[in-house]
Amino acid sequence: MITYFEIVEKEKINSLKFPNSDVLQDKNAIHERHTDLQRAQSLGNLEHSKIRIFFEDNQSKKVVETTVWAVTDNRVVLKQGVAIPINRIFKSM
């Protein structure tokens, strides 16, 4: 089964609504997500590399191609203060 992710521009993310539940349930997948986001932050800060973040808001699955500037305990921070809750992210690559 192929899952479709709608492409969204970074500038539209602040207008999205995010539920509090986590999109991942498996502890290994959650750990892998954390590791991938830390790597994405390093790539963003050192090389200004863009990555794809696959996530889900309250309506559908989405993907954004962007640079990660920071990872907090609860959010991934992109340029211009745009943030995505970590618990709504499937993966980054």
# chains A, B, ... in the order shown; residues from 1 in each chain; ligands from 1
call {"tool": "residues_around", "arguments": {"residues": "Thr67 (chain A)", "least_positions_apart": "4", "cutoff": "9 Å", "atoms": "only C-alpha atoms", "output": "MDAnalysis selection string"}}
result
chainID A and resid 40:41 43:45 48:52 77:79
call {"tool": "residues_around", "arguments": {"residues": "Ser92 (chain A)", "least_positions_apart": "6", "cutoff": "12 Å", "atoms": "only C-alpha atoms", "output": "VMD selection string"}}
result
chain A and resid 29 to 30 32 to 41 43 50 to 55 62 to 68 76 84 86
call {"tool": "select_by_dssp", "arguments": {"residues": "chain A", "states": "strand (DSSP E)", "output": "list in words"}}
result
Glu6, Ile7, Ile51, Arg52, Ile53, Phe54, Phe55, Glu56, Lys61, Lys62, Val63, Val64, Glu65, Thr66, Val68, Trp69, Ala70, Val71, Arg75, Val76, Val77, Leu78, Ala83, Ile84, Pro85, Ile89, Phe90, Lys91 and Ser92 of chain A
call {"tool": "closest_residue", "arguments": {"among": "A:Lys17, A:Met93, A:Asp26, A:Lys61", "to": "Phe5 (chain A)", "atoms": "only C-alpha atoms"}}
result
A:Lys61
call {"tool": "closest_residue", "arguments": {"among": "A:Gln25, A:Ser60, A:Asn20, A:Asn87", "to": "Arg75 (chain A)", "atoms": "only C-alpha atoms"}}
result
A:Asn87
